[in-house]
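Structure file entry33.pdb; described as PDB, C-alpha atoms.
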ATOM      1  CA  MET R   1      26.947   1.398  -8.659
ATOM      2  CA  SER R   2      26.450   2.378 -12.257
ATOM      3  CA  VAL R   3      23.884   4.971 -13.171
ATOM      4  CA  SER R   4      22.627   2.935 -16.109
ATOM      5  CA  ALA R   5      21.752   0.012 -13.876
ATOM      6  CA  HIS R   6      18.624   1.657 -12.577
ATOM      7  CA  VAL R   7      16.998   3.076 -15.633
ATOM      8  CA  PHE R   8      13.619   1.617 -16.479
ATOM      9  CA  PRO R   9      11.919   2.103 -19.838
ATOM     10  CA  PRO R  10       9.513   5.047 -19.734
ATOM     11  CA  PRO R  11       5.813   4.237 -19.283
ATOM     12  CA  GLY R  12       4.031   3.693 -22.569
ATOM     13  CA  ALA R  13       0.403   4.044 -23.547
ATOM     14  CA  LYS R  14      -2.375   2.717 -21.350
ATOM     15  CA  ALA R  15      -2.531  -0.630 -23.179
ATOM     16  CA  ASP R  16       1.190  -1.201 -22.658
ATOM     17  CA  LEU R  17       1.007  -0.207 -19.015
ATOM     18  CA  GLU R  18      -1.893  -2.523 -18.350
ATOM     19  CA  GLU R  19      -1.184  -5.476 -20.610
ATOM     20  CA  GLY R  20       2.509  -5.190 -21.474
ATOM     21  CA  SER R  21       5.228  -7.629 -20.482
ATOM     22  CA  VAL R  22       7.872  -5.113 -19.413
ATOM     23  CA  LEU R  23       8.075  -3.234 -16.144
ATOM     24  CA  THR R  24       7.780   0.487 -16.912
ATOM     25  CA  PRO R  25       7.133   1.999 -13.476
ATOM     26  CA  ARG R  26       5.126   5.186 -13.187
ATOM     27  CA  PHE R  27       7.122   7.086 -10.601
ATOM     28  CA  ASP R  28       5.296  10.001  -8.977
ATOM     29  CA  ALA R  29       6.465  13.613  -8.856
ATOM     30  CA  ALA R  30       8.900  12.661  -6.090
ATOM     31  CA  GLY R  31      10.257   9.784  -8.190
ATOM     32  CA  LEU R  32       8.612   7.073  -6.100
ATOM     33  CA  VAL R  33       6.301   4.077  -6.404
ATOM     34  CA  THR R  34       4.404   2.603  -3.459
ATOM     35  CA  ALA R  35       5.597  -0.749  -2.130
ATOM     36  CA  VAL R  36       3.165  -2.948  -0.209
ATOM     37  CA  VAL R  37       4.934  -5.645   1.781
ATOM     38  CA  SER R  38       3.231  -8.832   2.968
ATOM     39  CA  ASP R  39       4.405 -11.993   4.632
ATOM     40  CA  MET R  40       3.817 -15.314   2.893
ATOM     41  CA  ASP R  41       0.445 -15.716   4.631
ATOM     42  CA  GLY R  42      -0.838 -12.403   3.266
ATOM     43  CA  GLY R  43      -0.385 -10.501   6.514
ATOM     44  CA  LEU R  44       0.503  -6.901   5.770
ATOM     45  CA  LEU R  45       3.889  -5.969   7.227
ATOM     46  CA  MET R  46       4.472  -2.417   6.025
ATOM     47  CA  VAL R  47       3.946   0.163   3.314
ATOM     48  CA  ALA R  48       7.034   1.898   1.942
ATOM     49  CA  HIS R  49       8.320   3.656  -1.152
ATOM     50  CA  MET R  50      10.912   2.902  -3.809
ATOM     51  CA  ASN R  51      12.767   5.146  -6.187
ATOM     52  CA  ALA R  52      14.239   3.681  -9.379
ATOM     53  CA  GLU R  53      17.448   2.661  -7.660
ATOM     54  CA  ALA R  54      15.668   0.900  -4.794
ATOM     55  CA  LEU R  55      13.333  -0.893  -7.201
ATOM     56  CA  ASP R  56      16.193  -1.969  -9.421
ATOM     57  CA  LEU R  57      18.298  -3.204  -6.482
ATOM     58  CA  THR R  58      15.317  -5.134  -5.132
ATOM     59  CA  ILE R  59      14.708  -6.844  -8.466
ATOM     60  CA  ARG R  60      18.338  -7.659  -9.094
ATOM     61  CA  SER R  61      19.280  -8.786  -5.579
ATOM     62  CA  GLY R  62      15.981 -10.259  -4.358
ATOM     63  CA  ILE R  63      16.467  -8.310  -1.101
ATOM     64  CA  ALA R  64      14.024  -5.459  -0.414
ATOM     65  CA  HIS R  65      15.410  -1.938  -0.730
ATOM     66  CA  TYR R  66      13.355   1.207  -0.218
ATOM     67  CA  TRP R  67      13.700   4.953  -0.340
ATOM     68  CA  SER R  68      13.456   6.519   3.087
ATOM     69  CA  ARG R  69      11.442   9.710   2.704
ATOM     70  CA  SER R  70      12.341  10.851   6.228
ATOM     71  CA  ARG R  71      16.065  10.320   5.742
ATOM     72  CA  GLN R  72      16.027  11.005   1.978
ATOM     73  CA  SER R  73      18.314   8.064   1.360
ATOM     74  CA  LEU R  74      18.404   4.539   0.020
ATOM     75  CA  TRP R  75      17.305   2.104   2.710
ATOM     76  CA  LYS R  76      18.235  -1.541   2.669
ATOM     77  CA  LYS R  77      15.589  -2.723   5.099
ATOM     78  CA  GLY R  78      17.127  -4.659   7.971
ATOM     79  CA  GLU R  79      20.696  -3.627   7.279
ATOM     80  CA  THR R  80      20.890  -2.285  10.829
ATOM     81  CA  SER R  81      18.148  -4.227  12.637
ATOM     82  CA  GLY R  82      18.723  -7.583  10.995
ATOM     83  CA  ALA R  83      15.129  -7.776   9.716
ATOM     84  CA  LEU R  84      16.247  -8.296   6.112
ATOM     85  CA  GLN R  85      13.435  -9.079   3.692
ATOM     86  CA  THR R  86      13.964 -11.729   1.041
ATOM     87  CA  VAL R  87      11.517 -11.239  -1.809
ATOM     88  CA  GLN R  88       9.717 -14.458  -2.699
ATOM     89  CA  GLU R  89       7.376 -12.860  -5.184
ATOM     90  CA  MET R  90       6.881  -9.411  -6.678
ATOM     91  CA  ARG R  91       3.819  -8.137  -8.496
ATOM     92  CA  VAL R  92       2.907  -4.840 -10.112
ATOM     93  CA  ASP R  93      -0.505  -3.227 -10.388
ATOM     94  CA  CYS R  94      -2.492  -2.266 -13.482
ATOM     95  CA  ASP R  95      -1.088   1.237 -13.911
ATOM     96  CA  GLN R  96       2.378   0.360 -12.602
ATOM     97  CA  ASP R  97       2.590   2.858  -9.768
ATOM     98  CA  ALA R  98       2.608   0.250  -6.996
ATOM     99  CA  VAL R  99       4.401  -3.024  -6.363
ATOM    100  CA  TRP R 100       3.528  -5.831  -3.999
ATOM    101  CA  LEU R 101       6.293  -7.805  -2.341
ATOM    102  CA  LYS R 102       5.736 -11.107  -0.626
ATOM    103  CA  VAL R 103       8.705 -11.591   1.650
ATOM    104  CA  THR R 104      10.296 -13.764   4.280
ATOM    105  CA  VAL R 105      11.950 -11.855   7.099
ATOM    106  CA  ALA R 106      15.193 -12.848   8.797
ATOM    107  CA  LYS R 107      14.292 -11.278  12.159
ATOM    108  CA  PRO R 108      10.536 -10.677  12.074
ATOM    109  CA  GLU R 109      10.264  -9.042  15.504
ATOM    110  CA  ASP R 110      12.206  -6.052  14.198
ATOM    111  CA  THR R 111      10.084  -5.429  11.104
ATOM    112  CA  CYS R 112       8.427  -2.401  12.699
ATOM    113  CA  HIS R 113      10.644   0.161  14.384
ATOM    114  CA  THR R 114       8.359  -0.152  17.424
ATOM    115  CA  GLY R 115       9.603  -3.725  17.885
ATOM    116  CA  ARG R 116       6.720  -5.618  16.327
ATOM    117  CA  GLU R 117       6.362  -8.096  13.491
ATOM    118  CA  THR R 118       4.147  -5.721  11.518
ATOM    119  CA  CYS R 119       3.516  -1.994  11.396
ATOM    120  CA  PHE R 120      -0.232  -2.734  11.308
ATOM    121  CA  TYR R 121      -0.604  -3.797  14.942
ATOM    122  CA  ARG R 122      -3.769  -1.842  15.738
ATOM    123  CA  SER R 123      -7.352  -2.330  14.594
ATOM    124  CA  VAL R 124      -9.616   0.620  13.887
ATOM    125  CA  SER R 125     -13.160   0.248  15.181
ATOM    126  CA  LEU R 126     -15.932   0.713  12.614
ATOM    127  CA  GLY R 127     -19.400   2.162  12.884
ATOM    128  CA  PRO R 128     -20.997   5.522  13.742
ATOM    129  CA  HIS R 129     -18.724   5.909  16.751
ATOM    130  CA  GLY R 130     -15.701   4.271  15.161
ATOM    131  CA  GLY R 131     -12.108   5.429  14.976
ATOM    132  CA  LYS R 132     -10.887   3.845  18.188
ATOM    133  CA  LEU R 133      -7.696   1.845  18.086
ATOM    134  CA  SER R 134      -7.027  -1.418  19.839
ATOM    135  CA  ALA R 135      -4.081  -3.773  19.852
ATOM    136  CA  ARG R 136      -4.305  -6.861  17.717
TER     137      ARG R 136
ATOM    138  CA  MET F   1     -23.195  15.693   4.757
ATOM    139  CA  SER F   2     -21.938  17.802   7.612
ATOM    140  CA  VAL F   3     -18.458  19.220   7.541
ATOM    141  CA  SER F   4     -17.824  18.355  11.160
ATOM    142  CA  ALA F   5     -18.440  14.667  10.502
ATOM    143  CA  HIS F   6     -15.064  14.151   8.935
ATOM    144  CA  VAL F   7     -12.725  15.951  11.243
ATOM    145  CA  PHE F   8     -10.180  13.739  12.944
ATOM    146  CA  PRO F   9      -8.129  14.847  15.934
ATOM    147  CA  PRO F  10      -4.744  16.203  14.835
ATOM    148  CA  PRO F  11      -1.763  13.849  15.112
ATOM    149  CA  GLY F  12      -0.044  14.071  18.461
ATOM    150  CA  ALA F  13       3.481  13.286  19.554
ATOM    151  CA  LYS F  14       5.265  10.163  18.370
ATOM    152  CA  ALA F  15       4.225   8.152  21.439
ATOM    153  CA  ASP F  16       0.564   8.983  20.873
ATOM    154  CA  LEU F  17       0.777   8.183  17.179
ATOM    155  CA  GLU F  18       2.399   4.831  17.804
ATOM    156  CA  GLU F  19       0.770   3.677  21.029
ATOM    157  CA  GLY F  20      -2.370   5.753  21.331
ATOM    158  CA  SER F  21      -5.927   4.469  21.189
ATOM    159  CA  VAL F  22      -7.411   7.158  18.936
ATOM    160  CA  LEU F  23      -7.135   7.385  15.178
ATOM    161  CA  THR F  24      -5.280  10.613  14.354
ATOM    162  CA  PRO F  25      -4.406  10.143  10.674
ATOM    163  CA  ARG F  26      -1.324  11.796   9.272
ATOM    164  CA  PHE F  27      -2.608  13.075   5.950
ATOM    165  CA  ASP F  28       0.084  14.009   3.437
ATOM    166  CA  ALA F  29       0.498  17.377   1.700
ATOM    167  CA  ALA F  30      -2.374  16.428  -0.625
ATOM    168  CA  GLY F  31      -4.585  15.542   2.334
ATOM    169  CA  LEU F  32      -4.389  11.790   1.750
ATOM    170  CA  VAL F  33      -3.472   8.563   3.488
ATOM    171  CA  THR F  34      -2.616   5.351   1.630
ATOM    172  CA  ALA F  35      -5.201   2.557   1.722
ATOM    173  CA  VAL F  36      -4.060  -1.024   1.132
ATOM    174  CA  VAL F  37      -6.947  -3.325   0.294
ATOM    175  CA  SER F  38      -6.803  -7.102   0.712
ATOM    176  CA  ASP F  39      -9.310  -9.892   0.424
ATOM    177  CA  MET F  40      -9.961 -12.096   3.431
ATOM    178  CA  ASP F  41      -7.215 -14.520   2.352
ATOM    179  CA  GLY F  42      -4.585 -11.779   2.329
ATOM    180  CA  GLY F  43      -4.520 -11.409  -1.447
ATOM    181  CA  LEU F  44      -3.806  -7.805  -2.376
ATOM    182  CA  LEU F  45      -6.632  -6.287  -4.396
ATOM    183  CA  MET F  46      -5.610  -2.661  -4.846
ATOM    184  CA  VAL F  47      -3.832   0.355  -3.422
ATOM    185  CA  ALA F  48      -5.807   3.583  -3.201
ATOM    186  CA  HIS F  49      -5.965   6.840  -1.263
ATOM    187  CA  MET F  50      -8.381   8.389   1.217
ATOM    188  CA  ASN F  51      -8.940  11.956   2.257
ATOM    189  CA  ALA F  52     -10.569  12.700   5.598
ATOM    190  CA  GLU F  53     -14.058  12.457   4.173
ATOM    191  CA  ALA F  54     -13.426   9.091   2.488
ATOM    192  CA  LEU F  55     -11.813   7.700   5.630
ATOM    193  CA  ASP F  56     -14.639   8.928   7.818
ATOM    194  CA  LEU F  57     -17.321   7.542   5.484
ATOM    195  CA  THR F  58     -15.533   4.195   5.349
ATOM    196  CA  ILE F  59     -15.362   3.961   9.128
ATOM    197  CA  ARG F  60     -18.930   5.030   9.696
ATOM    198  CA  SER F  61     -20.580   3.017   6.903
ATOM    199  CA  GLY F  62     -18.296  -0.020   6.717
ATOM    200  CA  ILE F  63     -18.245   0.393   2.928
ATOM    201  CA  ALA F  64     -14.930   1.427   1.335
ATOM    202  CA  HIS F  65     -14.742   4.988   0.033
ATOM    203  CA  TYR F  66     -11.636   6.500  -1.555
ATOM    204  CA  TRP F  67     -10.404   9.726  -3.039
ATOM    205  CA  SER F  68      -9.866   9.461  -6.769
ATOM    206  CA  ARG F  69      -6.699  11.392  -7.559
ATOM    207  CA  SER F  70      -7.379  11.220 -11.308
ATOM    208  CA  ARG F  71     -10.936  12.509 -11.007
ATOM    209  CA  GLN F  72     -10.265  14.626  -7.890
ATOM    210  CA  SER F  73     -13.483  13.422  -6.324
ATOM    211  CA  LEU F  74     -14.876  11.153  -3.644
ATOM    212  CA  TRP F  75     -15.112   7.609  -4.960
ATOM    213  CA  LYS F  76     -17.452   5.039  -3.485
ATOM    214  CA  LYS F  77     -15.745   1.993  -4.927
ATOM    215  CA  GLY F  78     -18.194  -0.162  -6.872
ATOM    216  CA  GLU F  79     -20.945   2.418  -6.991
ATOM    217  CA  THR F  80     -20.902   2.093 -10.787
ATOM    218  CA  SER F  81     -19.385  -1.357 -11.348
ATOM    219  CA  GLY F  82     -21.114  -3.157  -8.513
ATOM    220  CA  ALA F  83     -17.807  -4.233  -6.955
ATOM    221  CA  LEU F  84     -18.699  -2.702  -3.586
ATOM    222  CA  GLN F  85     -16.253  -3.458  -0.794
ATOM    223  CA  THR F  86     -17.557  -4.288   2.653
ATOM    224  CA  VAL F  87     -14.869  -3.694   5.254
ATOM    225  CA  GLN F  88     -14.464  -6.656   7.563
ATOM    226  CA  GLU F  89     -11.450  -5.279   9.361
ATOM    227  CA  MET F  90      -9.460  -2.062   9.321
ATOM    228  CA  ARG F  91      -5.995  -1.513  10.722
ATOM    229  CA  VAL F  92      -3.667   1.463  10.883
ATOM    230  CA  ASP F  93       0.117   1.512  10.798
ATOM    231  CA  CYS F  94       2.590   2.767  13.359
ATOM    232  CA  ASP F  95       2.784   6.361  12.157
ATOM    233  CA  GLN F  96      -0.850   6.521  11.013
ATOM    234  CA  ASP F  97      -0.294   7.444   7.393
ATOM    235  CA  ALA F  98      -1.617   4.174   5.978
ATOM    236  CA  VAL F  99      -4.636   1.981   6.614
ATOM    237  CA  TRP F 100      -5.206  -1.642   5.725
ATOM    238  CA  LEU F 101      -8.680  -2.799   4.790
ATOM    239  CA  LYS F 102      -9.680  -6.434   4.670
ATOM    240  CA  VAL F 103     -12.785  -6.585   2.535
ATOM    241  CA  THR F 104     -15.352  -8.801   0.920
ATOM    242  CA  VAL F 105     -16.343  -7.751  -2.583
ATOM    243  CA  ALA F 106     -19.855  -7.948  -4.006
ATOM    244  CA  LYS F 107     -18.713  -8.444  -7.613
ATOM    245  CA  PRO F 108     -15.049  -9.448  -7.438
ATOM    246  CA  GLU F 109     -14.453  -9.661 -11.194
ATOM    247  CA  ASP F 110     -14.873  -5.897 -11.428
ATOM    248  CA  THR F 111     -12.416  -4.951  -8.709
ATOM    249  CA  CYS F 112      -9.824  -3.832 -11.259
ATOM    250  CA  HIS F 113     -10.976  -1.541 -14.061
ATOM    251  CA  THR F 114      -9.296  -3.996 -16.464
ATOM    252  CA  GLY F 115     -11.908  -6.599 -15.500
ATOM    253  CA  ARG F 116      -9.924  -8.660 -13.041
ATOM    254  CA  GLU F 117     -10.345  -9.632  -9.405
ATOM    255  CA  THR F 118      -7.176  -7.772  -8.415
ATOM    256  CA  CYS F 119      -5.073  -4.934  -9.791
ATOM    257  CA  PHE F 120      -1.969  -7.035  -9.066
ATOM    258  CA  TYR F 121      -2.398  -9.568 -11.872
ATOM    259  CA  ARG F 122       1.204  -9.590 -13.103
ATOM    260  CA  SER F 123       4.363 -10.964 -11.546
ATOM    261  CA  VAL F 124       7.685  -9.194 -11.917
ATOM    262  CA  SER F 125      10.638 -11.480 -12.601
ATOM    263  CA  LEU F 126      13.577 -11.164 -10.219
ATOM    264  CA  GLY F 127      17.294 -11.527 -10.751
ATOM    265  CA  PRO F 128      20.039  -9.793 -12.768
ATOM    266  CA  HIS F 129      17.862  -9.802 -15.872
ATOM    267  CA  GLY F 130      14.589  -9.228 -14.016
ATOM    268  CA  GLY F 131      11.805  -6.760 -14.674
ATOM    269  CA  LYS F 132       9.747  -8.908 -17.020
ATOM    270  CA  LEU F 133       6.032  -9.175 -16.397
ATOM    271  CA  SER F 134       3.944 -12.305 -16.688
ATOM    272  CA  ALA F 135       0.309 -13.001 -15.980
ATOM    273  CA  ARG F 136      -0.484 -14.665 -12.700
TER     274      ARG F 136
END
Rewrite the structure from the file as structure tokens, please.
Amino acid sequence: MSVSAHVFPPPGAKADLEEGSVLTPRFDAAGLVTAVVSDMDGGLLMVAHMNAEALDLTIRSGIAHYWSRSRQSLWKKGETSGALQTVQEMRVDCDQDAVWLKVTVAKPEDTCHTGRETCFYRSVSLGPHGGKLSAR
Amino acid sequence: MSVSAHVFPPPGAKADLEEGSVLTPRFDAAGLVTAVVSDMDGGLLMVAHMNAEALDLTIRSGIAHYWSRSRQSLWKKGETSGALQTVQEMRVDCDQDAVWLKVTVAKPEDTCHTGRETCFYRSVSLGPHGGKLSAR
């Protein structure tokens, strides 16, 4: 893999970031942007992170790649489990520090490492005595 | 506002985090969890962050509060713009470092500071020559 393949242009001024037509990601101090991953119905599957290489590989291949903060390594989601994510649509937010992927998943039941179709499988109760979790 | 109002129990072992029935958020080194905010149709509106106080206020009041990293202050979303977010549902992810809010917005056109209904108003083109942005 060539080094030059995953260089993005540096972020420009606010107007370029917000209204420009080129992706110039604002990576954080750890070199990461946030990736929000939904299914095609808008159900949230997971939240992950991408470094420049993961973002570039995702754009070029159409298959979601992340940066695993726990393993400190590139992570082609589903490479082991089979729950590969094919990106149907990608969006970026106003200040270009987060991307949104809408994906289809080859083996949805292995999306979460707990063996569920989403990492967001518990509701949080609201109200003065809130904060209790219950299965969806 | 009392200090004790926004203390959450500390995160427990992996099994408690993943299968427990109590919210024990895993705040990062900056004291924050990620908040993903969708409308009721699953459209992604924004990504933000919450400290313990913002998370507690959101749960207790049902109105979304965040921590503004740029201003380093509590941020009741919409307090100025009118785009208040009423939380219809909150979920937490497997390892409790991210929450998902499904909200209704009082003044949707002011959700993004650029004057749009979502911060994710641009698509990113995919493929070998991807990375171009276009308005949705």
Worksheet item: Once you count all atoms listed in the file, which residues of chain R turn out to be within 9 Å of chain F? Could you give them as a PyMOL selection string?
Response: chain R and resi 8+18-24+34+36+38+41-44+46-47+56+58-62+87+89-95+98-100+112-114+118-136
Worksheet item: Do you have the atom CA of F:Ser81-atom CA of F:Pro25 distance handy?
Response: 29.0 Å
Worksheet item: Please, what distance in Å, to one decimal, runs between atom CA of F:Ser68 and atom CA of F:Phe27?
Response: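 These atoms are spaced 15.1 Å apart.
The coordinates place atom CA of R:Ala13 at 28.0 Å from atom CA of F:His65.
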Worksheet item: What would the list of residues within 9 Å of (13.9, -12.2, 6.0) (file frame) look like as a VMD selection string, if only C-alpha atoms are what count?
Response: chain R and resid 63 78 82 to 87 103 to 108
Write to file, as a PDB file, in the coordinates of the input, the residues of the selection just made, with C-alpha atoms.
ATOM      1  CA  ILE R  63      16.467  -8.310  -1.101  1.00  0.00           C
ATOM      2  CA  GLY R  78      17.127  -4.659   7.971  1.00  0.00           C
ATOM      3  CA  GLY R  82      18.723  -7.583  10.995  1.00  0.00           C
ATOM      4  CA  ALA R  83      15.129  -7.776   9.716  1.00  0.00           C
ATOM      5  CA  LEU R  84      16.247  -8.296   6.112  1.00  0.00           C
ATOM      6  CA  GLN R  85      13.435  -9.079   3.692  1.00  0.00           C
ATOM      7  CA  THR R  86      13.964 -11.729   1.041  1.00  0.00           C
ATOM      8  CA  VAL R  87      11.517 -11.239  -1.809  1.00  0.00           C
ATOM      9  CA  VAL R 103       8.705 -11.591   1.650  1.00  0.00           C
ATOM     10  CA  THR R 104      10.296 -13.764   4.280  1.00  0.00           C
ATOM     11  CA  VAL R 105      11.950 -11.855   7.099  1.00  0.00           C
ATOM     12  CA  ALA R 106      15.193 -12.848   8.797  1.00  0.00           C
ATOM     13  CA  LYS R 107      14.292 -11.278  12.159  1.00  0.00           C
ATOM     14  CA  PRO R 108      10.536 -10.677  12.074  1.00  0.00           C
TER      15      PRO R 108
END
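Each of R:Glu109, R:Glu53, R:Glu117, R:Glu79 was compared to R:Val7 using all atoms listed in the file, and R:Glu53 turns out to be the nearest.
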Output requested as an mmCIF file, keeping the file's coordinate frame - stretch 86-100 of chain R, filled out with N, CA, C and O atoms.
data_model
loop_
_atom_site.group_PDB
_atom_site.id
_atom_site.type_symbol
_atom_site.label_atom_id
_atom_site.label_comp_id
_atom_site.auth_asym_id
_atom_site.auth_seq_id
_atom_site.Cartn_x
_atom_site.Cartn_y
_atom_site.Cartn_z
ATOM 1 N N THR R 86 13.689 -11.018 2.284
ATOM 2 C CA THR R 86 13.964 -11.729 1.041
ATOM 3 C C THR R 86 12.668 -11.814 0.238
ATOM 4 O O THR R 86 11.654 -12.298 0.740
ATOM 5 N N VAL R 87 12.725 -11.319 -0.984
ATOM 6 C CA VAL R 87 11.517 -11.239 -1.809
ATOM 7 C C VAL R 87 11.247 -12.596 -2.445
ATOM 8 O O VAL R 87 12.069 -13.106 -3.209
ATOM 9 N N GLN R 88 10.093 -13.165 -2.120
ATOM 10 C CA GLN R 88 9.717 -14.458 -2.699
ATOM 11 C C GLN R 88 8.895 -14.253 -3.960
ATOM 12 O O GLN R 88 8.883 -15.106 -4.849
ATOM 13 N N GLU R 89 8.195 -13.135 -4.004
ATOM 14 C CA GLU R 89 7.376 -12.860 -5.184
ATOM 15 C C GLU R 89 7.163 -11.357 -5.262
ATOM 16 O O GLU R 89 7.012 -10.684 -4.237
ATOM 17 N N MET R 90 7.185 -10.819 -6.479
ATOM 18 C CA MET R 90 6.881 -9.411 -6.678
ATOM 19 C C MET R 90 5.799 -9.306 -7.743
ATOM 20 O O MET R 90 5.829 -10.013 -8.749
ATOM 21 N N ARG R 91 4.848 -8.424 -7.490
ATOM 22 C CA ARG R 91 3.819 -8.137 -8.496
ATOM 23 C C ARG R 91 3.723 -6.629 -8.706
ATOM 24 O O ARG R 91 4.161 -5.847 -7.870
ATOM 25 N N VAL R 92 3.115 -6.255 -9.817
ATOM 26 C CA VAL R 92 2.907 -4.840 -10.112
ATOM 27 C C VAL R 92 1.425 -4.633 -10.428
ATOM 28 O O VAL R 92 0.755 -5.564 -10.893
ATOM 29 N N ASP R 93 0.924 -3.453 -10.168
ATOM 30 C CA ASP R 93 -0.505 -3.227 -10.388
ATOM 31 C C ASP R 93 -0.775 -2.729 -11.814
ATOM 32 O O ASP R 93 0.149 -2.520 -12.612
ATOM 33 N N CYS R 94 -2.046 -2.553 -12.118
ATOM 34 C CA CYS R 94 -2.492 -2.266 -13.482
ATOM 35 C C CYS R 94 -1.789 -1.052 -14.081
ATOM 36 O O CYS R 94 -1.351 -1.098 -15.237
ATOM 37 N N ASP R 95 -1.684 0.024 -13.333
ATOM 38 C CA ASP R 95 -1.088 1.237 -13.911
ATOM 39 C C ASP R 95 0.375 1.445 -13.495
ATOM 40 O O ASP R 95 0.946 2.514 -13.744
ATOM 41 N N GLN R 96 0.930 0.409 -12.879
ATOM 42 C CA GLN R 96 2.378 0.360 -12.602
ATOM 43 C C GLN R 96 2.888 1.502 -11.723
ATOM 44 O O GLN R 96 4.013 1.999 -11.920
ATOM 45 N N ASP R 97 2.071 1.899 -10.745
ATOM 46 C CA ASP R 97 2.590 2.858 -9.768
ATOM 47 C C ASP R 97 2.682 2.256 -8.366
ATOM 48 O O ASP R 97 2.931 2.975 -7.395
ATOM 49 N N ALA R 98 2.481 0.931 -8.282
ATOM 50 C CA ALA R 98 2.608 0.250 -6.996
ATOM 51 C C ALA R 98 3.113 -1.167 -7.227
ATOM 52 O O ALA R 98 2.756 -1.801 -8.223
ATOM 53 N N VAL R 99 3.959 -1.634 -6.318
ATOM 54 C CA VAL R 99 4.401 -3.024 -6.363
ATOM 55 C C VAL R 99 4.023 -3.711 -5.055
ATOM 56 O O VAL R 99 3.842 -3.071 -4.021
ATOM 57 N N TRP R 100 3.860 -5.009 -5.160
ATOM 58 C CA TRP R 100 3.528 -5.831 -3.999
ATOM 59 C C TRP R 100 4.643 -6.844 -3.818
ATOM 60 O O TRP R 100 4.939 -7.609 -4.743
#
